[in-house]
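Participant: input_25.csv is reproduced below (CSV, C-alpha atoms).
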chain,number,residue,atom,x,y,z
Y,24,MET,CA,-6.2,7.4,47.5
Y,25,LYS,CA,-7.2,6.9,51.1
Y,26,THR,CA,-9.7,4.3,50.1
Y,27,LEU,CA,-7.1,2.5,48.1
Y,28,GLN,CA,-4.6,2.6,51.0
Y,29,LEU,CA,-7.3,1.1,53.2
Y,30,GLU,CA,-7.8,-1.7,50.8
Y,31,PHE,CA,-4.1,-2.6,51.0
Y,32,TYR,CA,-4.3,-2.3,54.8
Y,33,LYS,CA,-7.3,-4.7,54.9
Y,34,ILE,CA,-5.5,-7.4,52.9
Y,35,LYS,CA,-2.2,-7.1,54.8
Y,36,ARG,CA,-2.8,-10.4,56.6
Y,37,ARG,CA,-4.8,-12.1,53.9
Y,38,LYS,CA,-1.7,-13.8,52.4
Y,39,ILE,CA,-2.6,-12.6,48.9
Y,40,GLY,CA,1.1,-12.1,48.2
Y,41,LEU,CA,1.8,-15.7,49.3
Y,42,THR,CA,-0.9,-16.9,46.9
Y,43,MET,CA,0.5,-15.0,44.0
Y,44,ALA,CA,4.1,-16.2,44.9
Y,45,ALA,CA,2.8,-19.8,44.9
Y,46,PHE,CA,1.3,-19.3,41.4
Y,47,LEU,CA,4.7,-18.0,40.1
Y,48,ALA,CA,6.6,-20.8,41.8
Y,49,VAL,CA,4.4,-23.4,40.1
Y,50,GLN,CA,5.0,-21.8,36.7
Y,51,PHE,CA,8.7,-21.4,37.4
Y,52,LEU,CA,9.1,-25.1,38.5
Y,53,TRP,CA,7.3,-26.1,35.3
Y,54,GLY,CA,9.8,-24.0,33.3
Y,55,LEU,CA,12.7,-25.6,35.1
Y,56,TRP,CA,11.4,-29.0,34.1
Y,57,ALA,CA,10.4,-28.1,30.5
Y,58,PHE,CA,13.5,-26.1,29.6
Y,59,HIS,CA,16.3,-27.5,31.7
Y,60,ASP,CA,18.2,-29.3,28.9
Y,61,PRO,CA,17.6,-27.5,25.6
Y,62,SER,CA,19.2,-28.6,22.3
Y,63,GLU,CA,21.2,-26.2,20.2
Y,64,LYS,CA,18.1,-25.4,18.0
Y,65,GLU,CA,16.0,-24.9,21.1
Y,66,LYS,CA,18.7,-22.5,22.5
Y,67,ALA,CA,18.5,-20.5,19.2
Y,68,GLN,CA,14.7,-20.1,19.5
Y,69,GLY,CA,14.5,-20.1,23.2
Y,70,PHE,CA,13.1,-16.6,23.8
Y,71,LEU,CA,10.6,-17.2,21.1
Y,72,SER,CA,9.5,-20.4,22.7
Y,73,LEU,CA,8.9,-18.5,26.0
Y,74,LEU,CA,6.5,-16.2,24.2
Y,75,TYR,CA,4.6,-19.3,22.9
Y,76,SER,CA,4.6,-21.2,26.2
Y,77,LEU,CA,3.6,-18.6,28.7
Y,78,PRO,CA,0.2,-17.7,27.2
Y,79,VAL,CA,-0.7,-21.4,26.9
Y,80,LEU,CA,0.3,-22.0,30.5
Y,81,ASP,CA,-1.7,-18.9,31.6
Y,82,ALA,CA,-4.8,-20.0,29.8
Y,83,VAL,CA,-5.1,-22.9,32.2
Y,84,LEU,CA,-3.6,-21.5,35.5
Y,85,VAL,CA,-4.7,-17.9,35.5
Y,86,PRO,CA,-8.6,-18.0,35.6
Y,87,PRO,CA,-8.7,-19.7,39.1
Y,88,ILE,CA,-5.9,-17.4,40.4
Y,89,MET,CA,-8.0,-14.4,39.3
Y,90,ALA,CA,-11.0,-15.9,41.1
Y,91,VAL,CA,-9.0,-16.4,44.2
Y,92,LEU,CA,-7.5,-12.8,44.1
Y,93,ALA,CA,-11.0,-11.3,43.6
Y,94,SER,CA,-12.5,-13.4,46.3
Y,95,ARG,CA,-9.8,-12.4,48.8
Y,96,LEU,CA,-10.3,-8.8,48.1
Y,97,ALA,CA,-14.1,-8.9,48.3
Y,98,ASP,CA,-15.2,-11.5,50.8
Y,99,ILE,CA,-14.0,-9.7,53.9
Y,100,GLU,CA,-16.8,-7.1,53.7
Y,101,HIS,CA,-19.5,-9.8,53.3
Y,102,LYS,CA,-18.9,-10.9,56.9
Y,103,GLY,CA,-21.1,-9.0,59.2
Y,104,GLY,CA,-22.8,-7.0,56.4
Y,105,MET,CA,-19.9,-4.6,56.2
Y,106,TYR,CA,-20.7,-3.4,52.6
Y,107,LYS,CA,-23.9,-1.8,53.9
Y,108,GLN,CA,-22.0,0.0,56.7
Y,109,LEU,CA,-19.1,1.1,54.5
Y,110,GLU,CA,-21.6,2.6,52.0
Y,111,THR,CA,-22.8,5.0,54.7
Y,112,LEU,CA,-19.2,6.4,54.8
Y,113,ARG,CA,-18.3,6.4,51.1
Y,114,ARG,CA,-19.9,6.0,47.7
Y,115,PRO,CA,-20.3,2.5,46.4
Y,116,GLY,CA,-18.4,3.5,43.2
Y,117,SER,CA,-15.4,4.7,45.2
Y,118,LEU,CA,-15.3,1.3,47.1
Y,119,TYR,CA,-15.5,-0.6,43.8
Y,120,HIS,CA,-12.8,1.5,42.2
Y,121,ALA,CA,-10.5,1.0,45.2
Y,122,LYS,CA,-10.9,-2.8,45.1
Y,123,ALA,CA,-10.5,-2.9,41.3
Y,124,LEU,CA,-7.3,-0.7,41.4
Y,125,CYS,CA,-5.9,-2.7,44.3
Y,126,GLY,CA,-6.3,-6.0,42.3
Y,127,LEU,CA,-4.9,-4.5,39.1
Y,128,ILE,CA,-1.8,-3.2,40.9
Y,129,ILE,CA,-1.2,-6.8,42.2
Y,130,ILE,CA,-1.7,-8.2,38.7
Y,131,ILE,CA,0.8,-5.7,37.2
Y,132,VAL,CA,3.5,-6.7,39.7
Y,133,MET,CA,2.7,-10.4,39.4
Y,134,PHE,CA,3.1,-10.6,35.7
Y,135,ALA,CA,6.1,-8.4,35.6
Y,136,ALA,CA,7.7,-10.8,38.1
Y,137,GLN,CA,6.6,-13.7,35.8
Y,138,TYR,CA,8.4,-12.3,32.8
Y,139,ALA,CA,11.5,-11.4,34.8
Y,140,LEU,CA,11.7,-15.0,36.2
Y,141,PHE,CA,11.4,-16.7,32.8
Y,142,ILE,CA,13.8,-14.3,31.1
Y,143,LEU,CA,16.3,-15.1,33.8
Y,144,LEU,CA,15.6,-18.8,33.3
Y,145,GLY,CA,16.3,-18.4,29.6
Y,146,TYR,CA,19.6,-16.9,30.3
Y,147,ALA,CA,20.4,-19.6,32.9
Y,148,VAL,CA,19.8,-22.5,30.5
Y,149,GLY,CA,21.8,-20.8,27.7
Y,150,TYR,CA,19.3,-19.3,25.3
Y,151,GLN,CA,21.1,-17.5,22.6
Y,152,GLY,CA,20.6,-13.8,21.9
Y,153,HIS,CA,18.3,-11.6,23.9
Y,154,PRO,CA,14.5,-11.2,24.2
Y,155,ASP,CA,12.9,-9.0,21.6
Y,156,ALA,CA,12.0,-6.0,23.9
Y,157,ALA,CA,9.2,-4.8,21.6
Y,158,TYR,CA,7.4,-8.1,21.4
Y,159,TYR,CA,7.9,-8.9,25.1
Y,160,LEU,CA,6.4,-5.5,26.0
Y,161,LEU,CA,3.5,-6.0,23.7
Y,162,SER,CA,2.9,-9.5,25.0
Y,163,TYR,CA,3.0,-8.1,28.6
Y,164,GLY,CA,0.5,-5.4,27.8
Y,165,LEU,CA,-1.9,-7.8,26.1
Y,166,LYS,CA,-1.5,-10.2,29.0
Y,167,LEU,CA,-2.4,-7.5,31.5
Y,168,MET,CA,-5.5,-6.5,29.5
Y,169,SER,CA,-6.8,-10.1,29.0
Y,170,ASN,CA,-6.2,-11.2,32.7
Y,171,SER,CA,-7.4,-7.9,34.1
Y,172,SER,CA,-10.7,-8.5,32.3
Y,173,LEU,CA,-11.0,-11.9,34.0
Y,174,PHE,CA,-10.2,-10.2,37.3
Y,175,LEU,CA,-12.9,-7.6,36.8
Y,176,MET,CA,-15.4,-10.3,36.0
Y,177,GLN,CA,-14.5,-12.3,39.1
Y,178,LEU,CA,-14.4,-9.2,41.3
Y,179,ALA,CA,-18.0,-8.3,40.2
Y,180,LEU,CA,-19.1,-11.8,41.1
Y,181,SER,CA,-17.3,-11.8,44.4
Y,182,MET,CA,-18.7,-8.5,45.4
Y,183,LEU,CA,-22.3,-9.5,44.4
Y,184,PHE,CA,-22.4,-12.9,46.0
Y,185,ALA,CA,-21.7,-13.6,49.7
Y,186,ASN,CA,-21.2,-17.3,48.9
Y,187,GLN,CA,-17.7,-17.2,47.4
Y,188,MET,CA,-18.0,-20.7,46.0
Y,189,ILE,CA,-20.0,-19.3,43.1
Y,190,PRO,CA,-17.2,-17.1,41.6
Y,191,LEU,CA,-14.5,-19.7,42.5
Y,192,VAL,CA,-16.4,-22.5,40.6
Y,193,ILE,CA,-16.7,-20.1,37.6
Y,194,GLY,CA,-12.9,-19.5,37.8
Y,195,LEU,CA,-12.3,-23.3,37.8
Y,196,CYS,CA,-14.7,-23.7,34.8
Y,197,GLY,CA,-12.7,-20.9,33.0
Y,198,SER,CA,-9.6,-23.0,33.5
Y,199,LEU,CA,-11.2,-26.0,31.9
Y,200,ILE,CA,-12.5,-23.8,29.0
Y,201,GLY,CA,-8.9,-22.4,28.5
Y,202,LEU,CA,-7.6,-26.0,28.4
Y,203,LEU,CA,-10.2,-27.0,25.8
Y,204,LEU,CA,-9.5,-23.9,23.7
Y,205,MET,CA,-5.8,-25.0,23.4
Y,206,PHE,CA,-7.0,-28.1,21.5
Y,207,VAL,CA,-9.5,-26.3,19.3
Y,208,LYS,CA,-8.1,-23.0,18.0
Y,209,MET,CA,-5.6,-20.4,19.1
Y,210,TYR,CA,-8.2,-17.8,19.3
Y,211,SER,CA,-11.6,-17.4,20.8
Y,212,PHE,CA,-14.2,-14.6,21.5
Y,213,LEU,CA,-14.7,-15.9,25.0
Y,214,PRO,CA,-13.1,-14.0,27.9
Y,215,TRP,CA,-11.1,-17.1,28.9
Y,216,GLY,CA,-9.5,-17.2,25.5
Y,217,GLY,CA,-7.8,-13.9,26.0
Y,218,ASN,CA,-4.4,-15.4,26.9
Y,219,LEU,CA,-4.4,-17.5,23.7
Y,220,ASN,CA,-5.6,-14.5,21.6
Y,221,ALA,CA,-2.6,-12.5,23.0
Y,222,ALA,CA,-0.1,-15.1,22.0
Y,223,LEU,CA,2.3,-13.4,19.6
Y,224,VAL,CA,4.2,-16.6,18.7
Y,225,THR,CA,3.0,-19.8,17.1
Y,226,MET,CA,4.8,-23.0,16.2
Y,227,GLU,CA,5.0,-25.6,13.4
Y,228,TRP,CA,5.6,-29.3,14.1
Y,229,ASN,CA,7.6,-31.3,11.6
Y,230,PRO,CA,6.6,-35.0,12.0
Y,231,VAL,CA,9.5,-36.2,9.8
Y,232,ASN,CA,12.4,-34.9,11.9
Y,233,ARG,CA,10.3,-34.2,15.0
Y,234,ASN,CA,11.4,-30.6,15.3
Y,235,ILE,CA,9.4,-27.6,16.4
Y,236,THR,CA,9.9,-24.2,14.8
Y,237,TYR,CA,8.6,-21.1,16.4
Y,238,PHE,CA,7.8,-17.9,14.6
Y,239,TYR,CA,5.8,-14.7,15.0
Y,240,ARG,CA,2.1,-15.0,14.1
Y,241,GLU,CA,0.6,-13.4,11.1
Y,242,TYR,CA,-2.9,-12.5,12.2
Y,243,THR,CA,-5.9,-13.1,10.0
Y,244,PRO,CA,-8.8,-10.6,10.2
Y,245,ILE,CA,-10.8,-12.9,12.5
Y,246,GLU,CA,-7.8,-13.4,14.8
Y,247,LEU,CA,-7.4,-9.6,15.0
Y,248,ALA,CA,-11.0,-9.3,16.0
Y,249,ALA,CA,-10.4,-11.9,18.7
Y,250,VAL,CA,-7.5,-9.8,20.0
Y,251,GLY,CA,-9.8,-6.7,20.0
Y,252,MET,CA,-12.2,-8.7,22.1
Y,253,ILE,CA,-9.7,-8.5,24.9
Y,254,PHE,CA,-10.3,-4.8,25.2
Y,255,VAL,CA,-14.0,-5.1,24.7
Y,256,TRP,CA,-14.3,-7.6,27.6
Y,257,PHE,CA,-12.3,-5.3,29.8
Y,258,VAL,CA,-14.7,-2.4,29.2
Y,259,ILE,CA,-17.8,-4.7,29.5
Y,260,PHE,CA,-16.7,-6.2,32.8
Y,261,TYR,CA,-15.7,-2.8,34.3
Y,262,ILE,CA,-19.0,-1.1,33.4
Y,263,ALA,CA,-21.1,-4.1,34.4
Y,264,GLY,CA,-19.3,-4.7,37.7
Y,265,ARG,CA,-19.5,-1.1,38.7
Y,266,THR,CA,-23.1,-0.7,37.7
Y,267,LEU,CA,-24.3,-3.9,39.3
Y,268,PHE,CA,-22.5,-3.2,42.6
Y,269,THR,CA,-23.6,0.5,42.9
Y,270,ARG,CA,-27.2,-0.5,42.3
Y,271,LYS,CA,-27.1,-3.6,44.6
Y,272,GLU,CA,-28.9,-3.3,47.9
Y,273,ASN,CA,-26.4,-4.9,50.3
For the file at hand, write its structure as structure tokens.

Facilitator:
Amino acid sequence: MKTLQLEFYKIKRRKIGLTMAAFLAVQFLWGLWAFHDPSEKEKAQGFLSLLYSLPVLDAVLVPPIMAVLASRLADIEHKGGMYKQLETLRRPGSLYHAKALCGLIIIIVMFAAQYALFILLGYAVGYQGHPDAAYYLLSYGLKLMSNSSLFLMQLALSMLFANQMIPLVIGLCGSLIGLLLMFVKMYSFLPWGGNLNAALVTMEWNPVNRNITYFYREYTPIELAAVGMIFVWFVIFYIAGRTLFTRKEN
């Protein structure tokens, strides 16, 4: 706990909260533009449409944000060779766990705020009914797992490489991969496809009357396997990151 408290103390002036707030602001402004004048049918399916839209939006925007978060948590020790000095005072595994837990707490708060903002937006524009609590909680849980796995991957890269451009470029590439996956299939076994795998809602476009109908997905076996990969990637990146960092000669 002391190590974790020190991590929060070290990032006190690193403006991580401002970065996460900017991410939420961009998404919220997009939501205001996209949902500001819904039709009656859109109002009836509004809270379903949110569960469809958020994973698609996250697939593009979240990978670079996770790269930035991991970099801000890890790069401060690269300056002056602080990792080597810190490991004379505490075990490398303890340091890794503190940084990982610090980032995961930030992610939990950030995505809770995201859901709260969009639910409030739904009520503000007149969506009918209420969000389905069970589906929203499940969506939130899957979102945390998929994006936490991306964060752990980026954290491992940021702690291993002093040059932070390497993990940041990988994060940007992940954003492009997420964009490409939207135009291919709604599932993928790649770590950057986790947000699309976690989407509980899909849609059907009627070209005749130009209407969109949203409905809960019925998963095929291969799509269920893709959802399971969210948890597999989380375990892989946790074990790989901890192992590589503890064995690294700083």

Participant: So that each row is one residue of stretch 114-146 of chain Y with an atom at most 9 Å from stretch 167-176 of chain Y, can you give its shortest atom pair and the distance in Å to one decimal, using all atoms listed in the file, rows by chain and rising number, as CSV?

Facilitator:
residue,atom,partner,partner_atom,distance
Y:Ala123,CA,Y:Leu175,CA,6.9
Y:Gly126,CA,Y:Phe174,CA,7.6
Y:Leu127,CA,Y:Ser171,CA,6.5
Y:Ile130,CA,Y:Leu167,CA,7.3
Y:Ile131,CA,Y:Leu167,CA,6.8
Y:Phe134,CA,Y:Leu167,CA,7.6

Participant: Suppose you want the space between atom CA of Y:Gly164 and atom CA of Y:Thr266; what is it in Å?

Facilitator: 26.0 Å

Participant: Could you work out how far atom CA of Y:Gly217 lies from atom CA of Y:Leu202, giving the answer in Å with one decimal?

Facilitator: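 Going from atom CA of Y:Leu202 over to atom CA of Y:Gly217 covers 12.3 Å.
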
Participant: Nearest residue to Y:Gln187 out of Y:Ser94, Y:Asn218, Y:Ser76, Y:Gln68, using all atoms listed in the file?

Facilitator: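 Selected residue with least distance to Y:Gln187: Y:Ser94.
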
Participant: Smallest atom-to-atom distance to Y:Phe58: which of Y:Tyr150, Y:Asp81, Y:His120, Y:Gln28, using only C-alpha atoms?

Facilitator: Y:Tyr150

Participant: Rounded to one decimal place, report the atom CA of Y:Gly201-atom CA of Y:Ala82 distance in Å.

Facilitator: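 Rounded to one decimal, the two atoms are 4.9 Å apart.
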
Participant: Between Y:His153, Y:Met252, Y:Tyr119, Y:Leu73, which has the minimum distance to Y:Thr225 (counting only C-alpha atoms)?

Facilitator: Y:Leu73

Participant: Find the residues near stretch 38-42 of chain Y: any atom within 9 Å, counting all atoms listed in the file, skip ones fewer than 5 places away on the same chain, and give them as a list in words.

Facilitator: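 The filter keeps Leu47, Ile88, Val91, Leu92, Arg95, Leu96 and Ile129 of chain Y.
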
Participant: Just to be explicit: take each residue in the selection above, keep C-alpha atoms, and write the result as a JSON list (two decimals), in the coordinates of the input.

Facilitator:
[["chain", "number", "residue", "atom", "x", "y", "z"],
["Y", 47, "LEU", "CA", 4.70, -18.00, 40.10],
["Y", 88, "ILE", "CA", -5.90, -17.40, 40.40],
["Y", 91, "VAL", "CA", -9.00, -16.40, 44.20],
["Y", 92, "LEU", "CA", -7.50, -12.80, 44.10],
["Y", 95, "ARG", "CA", -9.80, -12.40, 48.80],
["Y", 96, "LEU", "CA", -10.30, -8.80, 48.10],
["Y", 129, "ILE", "CA", -1.20, -6.80, 42.20]]
